[in-house]
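Pasting coords34.tsv here (TSV, C-alpha atoms):
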```tsv
chain	number	residue	atom	x	y	z
A	26	MET	CA	-176.33	-6.00	57.46
A	27	THR	CA	-178.67	-4.93	54.66
A	28	TRP	CA	-178.28	-5.69	50.98
A	29	ARG	CA	-177.16	-2.79	48.80
A	30	LEU	CA	-179.12	-2.07	45.60
A	31	ILE	CA	-177.14	-0.30	42.88
A	32	GLU	CA	-178.70	1.25	39.78
A	33	GLU	CA	-176.76	3.70	37.64
A	34	ASP	CA	-177.32	5.07	34.14
A	35	CYS	CA	-174.05	3.94	32.53
A	36	THR	CA	-174.65	2.02	29.30
A	37	ASN	CA	-171.00	1.55	28.28
A	38	VAL	CA	-170.44	-2.21	28.29
A	39	TYR	CA	-166.72	-1.93	29.11
A	40	GLN	CA	-167.30	0.29	32.13
A	41	ASN	CA	-170.19	-1.88	33.28
A	42	LEU	CA	-168.05	-5.00	33.17
A	43	ALA	CA	-165.30	-3.17	35.05
A	44	PHE	CA	-167.80	-2.24	37.77
A	45	ASP	CA	-168.96	-5.85	38.06
A	46	GLU	CA	-165.41	-7.11	38.53
A	47	ALA	CA	-164.68	-4.28	40.97
A	48	ILE	CA	-167.65	-5.27	43.15
A	49	ALA	CA	-166.40	-8.86	43.32
A	50	ARG	CA	-162.73	-8.05	43.90
A	51	VAL	CA	-163.29	-5.38	46.54
A	52	ALA	CA	-165.67	-7.69	48.41
A	53	ALA	CA	-163.09	-10.49	48.25
A	54	ASP	CA	-160.50	-8.23	49.89
A	55	GLN	CA	-162.79	-6.98	52.66
A	56	GLU	CA	-163.30	-8.60	56.05
A	57	GLU	CA	-166.80	-7.09	56.32
A	58	LYS	CA	-168.38	-7.81	52.96
A	59	GLN	CA	-171.28	-5.85	51.47
A	60	ASP	CA	-173.95	-8.03	49.85
A	61	THR	CA	-174.96	-6.35	46.60
A	62	LEU	CA	-177.73	-6.53	44.02
A	63	ARG	CA	-177.06	-4.49	40.88
A	64	PHE	CA	-179.16	-3.79	37.78
A	65	TRP	CA	-177.57	-2.41	34.63
A	66	ARG	CA	-177.86	-2.10	30.87
A	67	SER	CA	-175.50	-1.72	27.96
A	68	GLU	CA	-175.79	-0.44	24.41
A	69	ARG	CA	-175.46	-3.09	21.69
A	70	ALA	CA	-172.61	-5.45	22.50
A	71	VAL	CA	-171.50	-9.04	22.41
A	72	VAL	CA	-169.97	-10.21	25.69
A	73	ILE	CA	-167.85	-13.35	25.61
A	74	GLY	CA	-166.71	-15.46	28.55
A	75	ARG	CA	-163.22	-15.18	29.96
A	76	PHE	CA	-162.10	-18.49	28.47
A	77	GLN	CA	-163.48	-18.06	24.97
A	78	CYS	CA	-161.94	-17.15	21.61
A	79	VAL	CA	-163.71	-14.33	19.85
A	80	HIS	CA	-163.45	-15.72	16.30
A	81	GLU	CA	-165.33	-18.85	17.39
A	82	GLU	CA	-168.20	-16.91	18.99
A	83	VAL	CA	-168.74	-13.63	17.13
A	84	ASN	CA	-169.41	-12.48	13.58
A	85	LEU	CA	-166.63	-9.92	13.60
A	86	SER	CA	-167.39	-8.15	10.32
A	87	PHE	CA	-171.11	-7.91	11.09
A	88	CYS	CA	-170.42	-6.42	14.52
A	89	LYS	CA	-168.01	-3.92	13.03
A	90	LYS	CA	-170.53	-2.91	10.36
A	91	LYS	CA	-173.36	-2.52	12.88
A	92	LYS	CA	-171.13	-0.88	15.50
A	93	ILE	CA	-171.75	-3.64	18.03
A	94	GLU	CA	-169.07	-3.59	20.74
A	95	ILE	CA	-167.20	-6.79	21.61
A	96	ALA	CA	-166.19	-7.27	25.24
A	97	ARG	CA	-164.79	-10.02	27.46
A	98	ARG	CA	-165.98	-10.44	31.06
A	99	PHE	CA	-163.95	-11.74	34.00
A	100	THR	CA	-166.24	-14.75	34.54
A	101	GLY	CA	-166.51	-17.91	32.46
A	102	GLY	CA	-169.52	-19.15	30.52
A	103	GLY	CA	-170.65	-18.52	26.98
A	104	ALA	CA	-171.23	-15.56	24.71
A	105	VAL	CA	-174.30	-13.34	25.15
A	106	TYR	CA	-175.80	-10.35	23.36
A	107	HIS	CA	-176.64	-7.06	25.09
A	108	ASP	CA	-178.81	-4.15	24.04
A	109	LEU	CA	-181.18	-1.76	25.79
A	110	GLY	CA	-183.97	-4.36	25.60
A	111	ASN	CA	-181.88	-6.58	27.84
A	112	LEU	CA	-181.79	-6.12	31.63
A	113	ASN	CA	-178.64	-7.34	33.40
A	114	PHE	CA	-178.40	-8.25	37.06
A	115	SER	CA	-175.42	-8.89	39.32
A	116	ILE	CA	-175.44	-10.56	42.75
A	117	CYS	CA	-172.48	-10.50	45.14
A	118	VAL	CA	-172.82	-12.24	48.49
A	119	LYS	CA	-170.70	-13.47	51.38
A	120	ARG	CA	-170.41	-17.25	51.06
A	121	SER	CA	-170.29	-17.84	54.81
A	122	ALA	CA	-173.79	-16.37	55.25
A	123	ASN	CA	-176.17	-19.03	56.55
A	124	TYR	CA	-178.47	-18.73	53.53
A	125	VAL	CA	-175.70	-19.23	50.94
A	126	PRO	CA	-175.02	-22.85	49.85
A	127	GLN	CA	-171.46	-24.06	49.45
A	128	THR	CA	-171.40	-25.42	45.90
A	129	LEU	CA	-171.72	-23.34	42.75
A	130	LYS	CA	-174.58	-25.53	41.53
A	131	GLU	CA	-176.57	-24.89	44.71
A	132	ILE	CA	-175.74	-21.18	44.66
A	133	TYR	CA	-177.17	-20.98	41.14
A	134	GLU	CA	-180.28	-22.88	42.20
A	135	THR	CA	-180.79	-20.50	45.13
A	136	PHE	CA	-180.22	-17.18	43.42
A	137	ILE	CA	-180.90	-17.74	39.70
A	138	GLY	CA	-183.77	-19.99	40.73
A	139	GLY	CA	-184.89	-17.11	42.96
A	140	VAL	CA	-184.84	-14.72	39.99
A	141	SER	CA	-187.07	-17.17	38.14
A	142	GLU	CA	-189.51	-17.22	41.06
A	143	ALA	CA	-189.49	-13.41	41.05
A	144	LEU	CA	-190.44	-13.41	37.36
A	145	GLN	CA	-193.23	-15.88	38.05
A	146	SER	CA	-194.58	-13.56	40.74
A	147	VAL	CA	-195.20	-10.84	38.12
A	148	GLY	CA	-196.88	-13.13	35.61
A	149	ILE	CA	-193.92	-14.33	33.56
A	150	PRO	CA	-194.14	-18.12	32.94
A	151	SER	CA	-190.46	-18.79	33.66
A	152	LYS	CA	-188.77	-21.91	34.97
A	153	TYR	CA	-185.26	-22.45	36.32
A	154	ASP	CA	-183.23	-25.01	34.37
A	155	PRO	CA	-180.69	-26.63	36.75
A	156	PHE	CA	-178.90	-28.38	33.88
A	157	GLY	CA	-178.24	-25.19	31.95
A	158	SER	CA	-178.04	-22.95	35.05
A	159	CYS	CA	-180.44	-20.61	33.30
A	160	ILE	CA	-184.06	-19.52	33.13
A	161	ARG	CA	-186.42	-20.63	30.38
A	162	ILE	CA	-189.89	-20.04	29.02
A	163	ASN	CA	-191.30	-23.05	27.15
A	164	ASP	CA	-187.79	-24.55	26.81
A	165	LEU	CA	-186.49	-21.31	25.29
A	166	LYS	CA	-183.69	-19.53	27.11
A	167	ILE	CA	-184.22	-16.00	28.48
A	168	THR	CA	-181.00	-15.72	30.51
A	169	GLY	CA	-177.29	-16.19	30.18
A	170	THR	CA	-175.45	-16.52	33.49
A	171	ALA	CA	-171.89	-16.77	34.81
A	172	GLY	CA	-170.33	-16.97	38.26
A	173	TRP	CA	-167.14	-16.45	40.28
A	174	LEU	CA	-166.25	-17.96	43.66
A	175	LYS	CA	-163.21	-16.66	45.51
A	176	ARG	CA	-162.12	-15.73	49.05
A	177	ASN	CA	-165.53	-16.18	50.67
A	178	VAL	CA	-167.35	-14.33	47.89
A	179	ALA	CA	-170.02	-15.69	45.53
A	180	PHE	CA	-170.60	-13.47	42.51
A	181	LEU	CA	-173.22	-14.17	39.84
A	182	HIS	CA	-174.33	-12.06	36.94
A	183	GLY	CA	-176.84	-12.66	34.20
A	184	THR	CA	-178.99	-11.28	31.42
A	185	LEU	CA	-182.76	-11.08	31.06
A	186	LEU	CA	-184.01	-10.89	27.48
A	187	ILE	CA	-187.08	-8.67	27.79
A	188	LYS	CA	-187.45	-6.85	24.45
A	189	SER	CA	-184.09	-7.50	22.86
A	190	ASP	CA	-183.38	-7.53	19.11
A	191	ILE	CA	-183.34	-11.30	18.56
A	192	PRO	CA	-182.39	-11.20	14.83
A	193	MET	CA	-179.45	-8.94	15.73
A	194	LEU	CA	-178.51	-11.37	18.52
A	195	HIS	CA	-178.49	-14.32	16.13
A	196	GLN	CA	-176.45	-12.56	13.47
A	197	SER	CA	-173.85	-11.19	15.85
A	198	LEU	CA	-173.39	-14.59	17.52
A	199	SER	CA	-173.08	-16.55	14.24
A	200	PRO	CA	-169.35	-16.63	13.38
A	201	PRO	CA	-168.63	-17.35	9.71
A	202	GLU	CA	-165.79	-19.56	8.59
A	203	GLY	CA	-162.51	-17.99	7.62
A	204	GLN	CA	-162.41	-15.20	10.18
A	205	PRO	CA	-159.06	-13.97	11.52
A	206	VAL	CA	-157.96	-16.22	14.38
A	207	PHE	CA	-157.44	-14.68	17.81
A	208	LEU	CA	-155.61	-16.42	20.65
A	209	ARG	CA	-157.02	-15.97	24.15
A	210	ASP	CA	-153.59	-15.07	25.47
A	211	ARG	CA	-149.92	-15.71	24.94
A	212	ALA	CA	-150.17	-19.15	26.57
A	213	ARG	CA	-152.27	-20.33	23.60
A	214	ILE	CA	-154.73	-22.05	25.92
A	215	ARG	CA	-157.64	-23.75	24.14
A	216	CYS	CA	-160.96	-21.96	23.78
A	217	MET	CA	-164.16	-22.85	25.60
A	218	LYS	CA	-167.04	-22.89	23.13
A	219	SER	CA	-170.55	-21.67	23.89
A	220	LYS	CA	-173.36	-24.19	24.15
A	221	ARG	CA	-175.73	-23.03	21.44
A	222	ASP	CA	-179.34	-22.68	22.54
A	223	ASN	CA	-182.67	-21.27	21.38
A	224	VAL	CA	-183.56	-17.94	22.98
A	225	THR	CA	-186.65	-15.78	23.30
A	226	ASN	CA	-187.87	-12.48	24.72
A	227	ILE	CA	-190.06	-12.31	27.81
A	228	ALA	CA	-192.33	-9.84	26.01
A	229	ASP	CA	-193.25	-12.50	23.43
A	230	HIS	CA	-194.81	-14.78	26.06
A	231	VAL	CA	-197.04	-12.47	28.08
A	232	SER	CA	-200.09	-10.46	27.10
A	233	ARG	CA	-198.69	-7.43	28.88
A	234	CYS	CA	-195.00	-7.27	29.69
A	235	PRO	CA	-194.24	-6.07	33.24
A	236	SER	CA	-192.27	-2.84	33.44
A	237	ASP	CA	-188.57	-2.98	34.17
A	238	ASP	CA	-189.19	-1.43	37.58
A	239	THR	CA	-191.76	-4.13	38.37
A	240	ILE	CA	-189.25	-6.84	37.49
A	241	LYS	CA	-186.51	-5.17	39.54
A	242	ILE	CA	-188.76	-4.84	42.59
A	243	ALA	CA	-189.78	-8.49	42.31
A	244	ILE	CA	-186.14	-9.63	42.17
A	245	ALA	CA	-185.24	-7.43	45.16
A	246	LYS	CA	-188.15	-8.91	47.14
A	247	CYS	CA	-186.94	-12.39	46.24
A	248	ILE	CA	-183.46	-11.55	47.56
A	249	GLU	CA	-185.06	-10.33	50.78
A	250	LYS	CA	-186.99	-13.58	51.06
A	251	ILE	CA	-183.88	-15.71	50.49
A	252	SER	CA	-181.64	-13.76	52.87
A	253	GLY	CA	-184.07	-12.47	55.46
A	254	LYS	CA	-182.43	-9.04	55.03
A	255	PRO	CA	-183.77	-5.82	53.53
A	256	VAL	CA	-182.55	-4.52	50.18
A	257	GLN	CA	-181.89	-0.79	50.27
A	258	LYS	CA	-180.68	1.62	47.60
A	259	GLY	CA	-176.98	2.39	47.78
A	260	SER	CA	-174.04	3.36	45.60
A	261	PHE	CA	-170.52	2.29	44.71
A	262	SER	CA	-167.86	2.96	47.31
A	263	LEU	CA	-164.85	5.10	46.45
A	264	GLU	CA	-162.69	1.97	46.51
A	265	GLU	CA	-165.01	0.24	44.03
A	266	ARG	CA	-165.00	3.26	41.72
A	267	ASN	CA	-161.21	3.48	41.83
A	268	THR	CA	-160.88	-0.27	41.26
A	269	ALA	CA	-163.33	-0.13	38.35
A	270	GLU	CA	-161.43	2.74	36.74
A	271	ALA	CA	-158.14	0.87	37.10
A	272	LEU	CA	-159.68	-2.28	35.60
A	273	TYR	CA	-161.18	-0.26	32.76
A	274	GLN	CA	-157.85	1.34	31.90
A	275	SER	CA	-155.74	-1.81	32.21
A	276	ARG	CA	-158.19	-4.40	30.90
A	277	TYR	CA	-161.63	-3.52	29.57
A	278	SER	CA	-160.55	-0.68	27.29
A	279	GLN	CA	-157.83	-2.86	25.76
A	280	SER	CA	-158.39	-4.89	22.58
A	281	GLU	CA	-155.82	-7.43	23.80
A	282	TRP	CA	-158.18	-8.29	26.67
A	283	ASN	CA	-161.46	-8.11	24.74
A	284	LEU	CA	-160.42	-9.76	21.48
A	285	GLY	CA	-157.22	-11.56	22.40
A	286	LEU	CA	-154.08	-11.71	20.29
A	287	LEU	CA	-154.27	-11.96	16.52
A	288	ALA	CA	-152.56	-15.22	15.50
A	289	GLN	CA	-149.60	-14.88	13.14
```

Here is a file; write its structure as structure tokens.
Amino acid sequence: MTWRLIEEDCTNVYQNLAFDEAIARVAADQEEKQDTLRFWRSERAVVIGRFQCVHEEVNLSFCKKKKIEIARRFTGGGAVYHDLGNLNFSICVKRSANYVPQTLKEIYETFIGGVSEALQSVGIPSKYDPFGSCIRINDLKITGTAGWLKRNVAFLHGTLLIKSDIPMLHQSLSPPEGQPVFLRDRARIRCMKSKRDNVTNIADHVSRCPSDDTIKIAIAKCIEKISGKPVQKGSFSLEERNTAEALYQSRYSQSEWNLGLLAQ
């Protein structure tokens, strides 16, 4: 079976996150799973991990003033910043495939490490960091990644900082003291804090930055090399679109999911 490549023009962060979760959940429910590579972008937004508390990760007043959306994804990991200078990728694969390792650490090394090799192939001096499960240039981070393993599905998604607004990133991800406190949920489970790191743009480390299409093609070729299967353009199934719409309505469009519950 071939890999499916999905590229659509949606830049709404909430809908994009709903589509990512829909890909993973539909694949988990299917006997015959469709391996998927997806590229997407969002307008300015901060995306926090599922197990984080927004007041500990985000400058809420700054984001409100600058109209930066705040969203929560279904995977763990730390907070990241999105804008149109940031290219996001999602990988969904059947875990029982012979080229897919069994542990999350090895899956990251195979696929996120593969993305790093793809960047190297187009002249970007990147290196996979197995300790941070990320990609770096000169010890500076250019990706944020998160993963989900369930019912024979491995799902990874990540960012690539290409020409992002780094000052805006820093300000939006610098929470001041004294912000309103939000609980993750009614169970009052503790928050998982981001591991703060120094980040950079790819464009700042190359004499001529490869085009987005060049980077996408390189990543697709890397997936073909890893899997031994072709990557061909496709689209969301009707089930995925319906699942994404249901997730958007019940979860991603709701402040209770994205922000949590305001503490009394």

ask   = Restricting the calculation to all atoms listed in the file, which member of A:Leu129, A:Cys234, A:Leu174, A:Leu198 is positioned closest to Ala49 (chain A)?
value =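 Among the listed residues, A:Leu174 lies closest to Ala49 (chain A).
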
query = Out of A:Val51, A:Val256, A:Ile251, A:Ile162, which residue has the shortest atom-to-atom distance to Leu144 (chain A) when counting all atoms listed in the file?
reply =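 Residue with the minimum atom-to-atom distance to Leu144 (chain A): A:Ile162.
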
ask   = Which is closer to Val178 (chain A) than all the others in A:Asn41, A:Ile132, A:Ala271, A:Arg276, using all atoms listed in the file?
value =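 Ranking A:Asn41, A:Ile132, A:Ala271, A:Arg276 by distance to Val178 (chain A), first place goes to A:Ile132.
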
query = What gap, in Å, lies between CA of Thr27 (chain A) and CA of Pro255 (chain A)?
reply = 5.3 Å

message = as a list in words, please: the residues near Ala245 (chain A) (cut-off 9 Å, all atoms listed in the file, same-chain neighbours under 5 positions excluded).
response =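 My reading of the contact set: Leu30, Leu62, Val140, Ala143, Ile240, Lys250, Pro255 and Val256 of chain A.
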
ask   = Can you list, as a PyMOL selection string, every protein, DNA or RNA residue that comes within 10 Å of His107 (chain A) when you count all atoms listed in the file, leaving out same-chain residues fewer than 3 positions away?
value = chain A and resi 38+66-72+93-94+110-113+184-186+189-190+193-194

Where atoms are lacking, region 49-83 of chain A completed to N, CA and C atoms, as a short mmCIF file (atom, residue, chain, number, x, y, z; two decimals), keeping the file's coordinate frame:
```cif
data_model
loop_
_atom_site.label_atom_id
_atom_site.label_comp_id
_atom_site.auth_asym_id
_atom_site.auth_seq_id
_atom_site.Cartn_x
_atom_site.Cartn_y
_atom_site.Cartn_z
N ALA A 49 -166.86 -7.55 42.86
CA ALA A 49 -166.40 -8.86 43.32
C ALA A 49 -165.03 -8.79 43.99
N ARG A 50 -164.10 -8.08 43.38
CA ARG A 50 -162.73 -8.05 43.90
C ARG A 50 -162.62 -7.26 45.20
N VAL A 51 -163.33 -6.15 45.30
CA VAL A 51 -163.29 -5.38 46.54
C VAL A 51 -163.92 -6.19 47.67
N ALA A 52 -165.03 -6.85 47.38
CA ALA A 52 -165.67 -7.69 48.41
C ALA A 52 -164.73 -8.81 48.86
N ALA A 53 -164.01 -9.40 47.91
CA ALA A 53 -163.09 -10.49 48.25
C ALA A 53 -161.98 -10.02 49.18
N ASP A 54 -161.60 -8.76 49.08
CA ASP A 54 -160.50 -8.23 49.89
C ASP A 54 -160.97 -7.68 51.24
N GLN A 55 -162.27 -7.56 51.43
CA GLN A 55 -162.79 -6.98 52.66
C GLN A 55 -163.15 -8.03 53.69
N GLU A 56 -162.88 -7.72 54.96
CA GLU A 56 -163.30 -8.60 56.05
C GLU A 56 -164.81 -8.54 56.21
N GLU A 57 -165.36 -7.30 56.25
CA GLU A 57 -166.80 -7.09 56.32
C GLU A 57 -167.33 -6.86 54.90
N LYS A 58 -167.98 -7.86 54.37
CA LYS A 58 -168.38 -7.81 52.96
C LYS A 58 -169.79 -7.24 52.82
N GLN A 59 -169.99 -6.48 51.75
CA GLN A 59 -171.28 -5.85 51.47
C GLN A 59 -172.02 -6.67 50.42
N ASP A 60 -173.13 -7.31 50.82
CA ASP A 60 -173.95 -8.03 49.85
C ASP A 60 -174.59 -7.02 48.90
N THR A 61 -174.56 -7.33 47.60
CA THR A 61 -174.96 -6.35 46.60
C THR A 61 -175.86 -6.97 45.53
N LEU A 62 -176.90 -6.24 45.18
CA LEU A 62 -177.73 -6.53 44.02
C LEU A 62 -177.62 -5.33 43.08
N ARG A 63 -177.25 -5.59 41.84
CA ARG A 63 -177.06 -4.49 40.88
C ARG A 63 -177.85 -4.76 39.61
N PHE A 64 -178.49 -3.73 39.08
CA PHE A 64 -179.16 -3.79 37.78
C PHE A 64 -178.46 -2.82 36.83
N TRP A 65 -178.25 -3.26 35.59
CA TRP A 65 -177.57 -2.41 34.63
C TRP A 65 -177.92 -2.81 33.20
N ARG A 66 -177.62 -1.89 32.29
CA ARG A 66 -177.86 -2.10 30.87
C ARG A 66 -176.66 -1.63 30.07
N SER A 67 -176.53 -2.18 28.87
CA SER A 67 -175.50 -1.72 27.96
C SER A 67 -176.08 -1.52 26.57
N GLU A 68 -175.48 -0.57 25.83
CA GLU A 68 -175.79 -0.44 24.41
C GLU A 68 -175.37 -1.73 23.70
N ARG A 69 -175.69 -1.83 22.42
CA ARG A 69 -175.46 -3.09 21.69
C ARG A 69 -174.03 -3.59 21.84
N ALA A 70 -173.93 -4.85 22.27
CA ALA A 70 -172.61 -5.45 22.50
C ALA A 70 -172.73 -6.96 22.52
N VAL A 71 -171.66 -7.61 22.16
CA VAL A 71 -171.50 -9.04 22.41
C VAL A 71 -170.50 -9.18 23.55
N VAL A 72 -170.85 -9.99 24.55
CA VAL A 72 -169.97 -10.21 25.69
C VAL A 72 -169.60 -11.69 25.71
N ILE A 73 -168.31 -11.96 25.60
CA ILE A 73 -167.85 -13.35 25.61
C ILE A 73 -167.29 -13.70 26.99
N GLY A 74 -167.25 -15.00 27.29
CA GLY A 74 -166.71 -15.46 28.55
C GLY A 74 -165.20 -15.35 28.59
N ARG A 75 -164.65 -15.37 29.78
CA ARG A 75 -163.22 -15.18 29.96
C ARG A 75 -162.39 -16.20 29.19
N PHE A 76 -162.89 -17.41 29.05
CA PHE A 76 -162.10 -18.49 28.47
C PHE A 76 -162.48 -18.81 27.03
N GLN A 77 -163.05 -17.84 26.34
CA GLN A 77 -163.48 -18.06 24.97
C GLN A 77 -162.57 -17.35 23.97
N CYS A 78 -162.66 -17.80 22.70
CA CYS A 78 -161.94 -17.15 21.61
C CYS A 78 -162.95 -16.44 20.73
N VAL A 79 -162.70 -15.18 20.47
CA VAL A 79 -163.71 -14.33 19.85
C VAL A 79 -164.10 -14.79 18.45
N HIS A 80 -163.15 -15.32 17.68
CA HIS A 80 -163.45 -15.72 16.30
C HIS A 80 -164.36 -16.94 16.24
N GLU A 81 -164.46 -17.67 17.34
CA GLU A 81 -165.33 -18.85 17.39
C GLU A 81 -166.72 -18.52 17.91
N GLU A 82 -166.93 -17.29 18.35
CA GLU A 82 -168.20 -16.91 18.99
C GLU A 82 -168.93 -15.78 18.29
N VAL A 83 -168.19 -14.92 17.58
CA VAL A 83 -168.74 -13.63 17.13
C VAL A 83 -168.56 -13.46 15.63
#
```
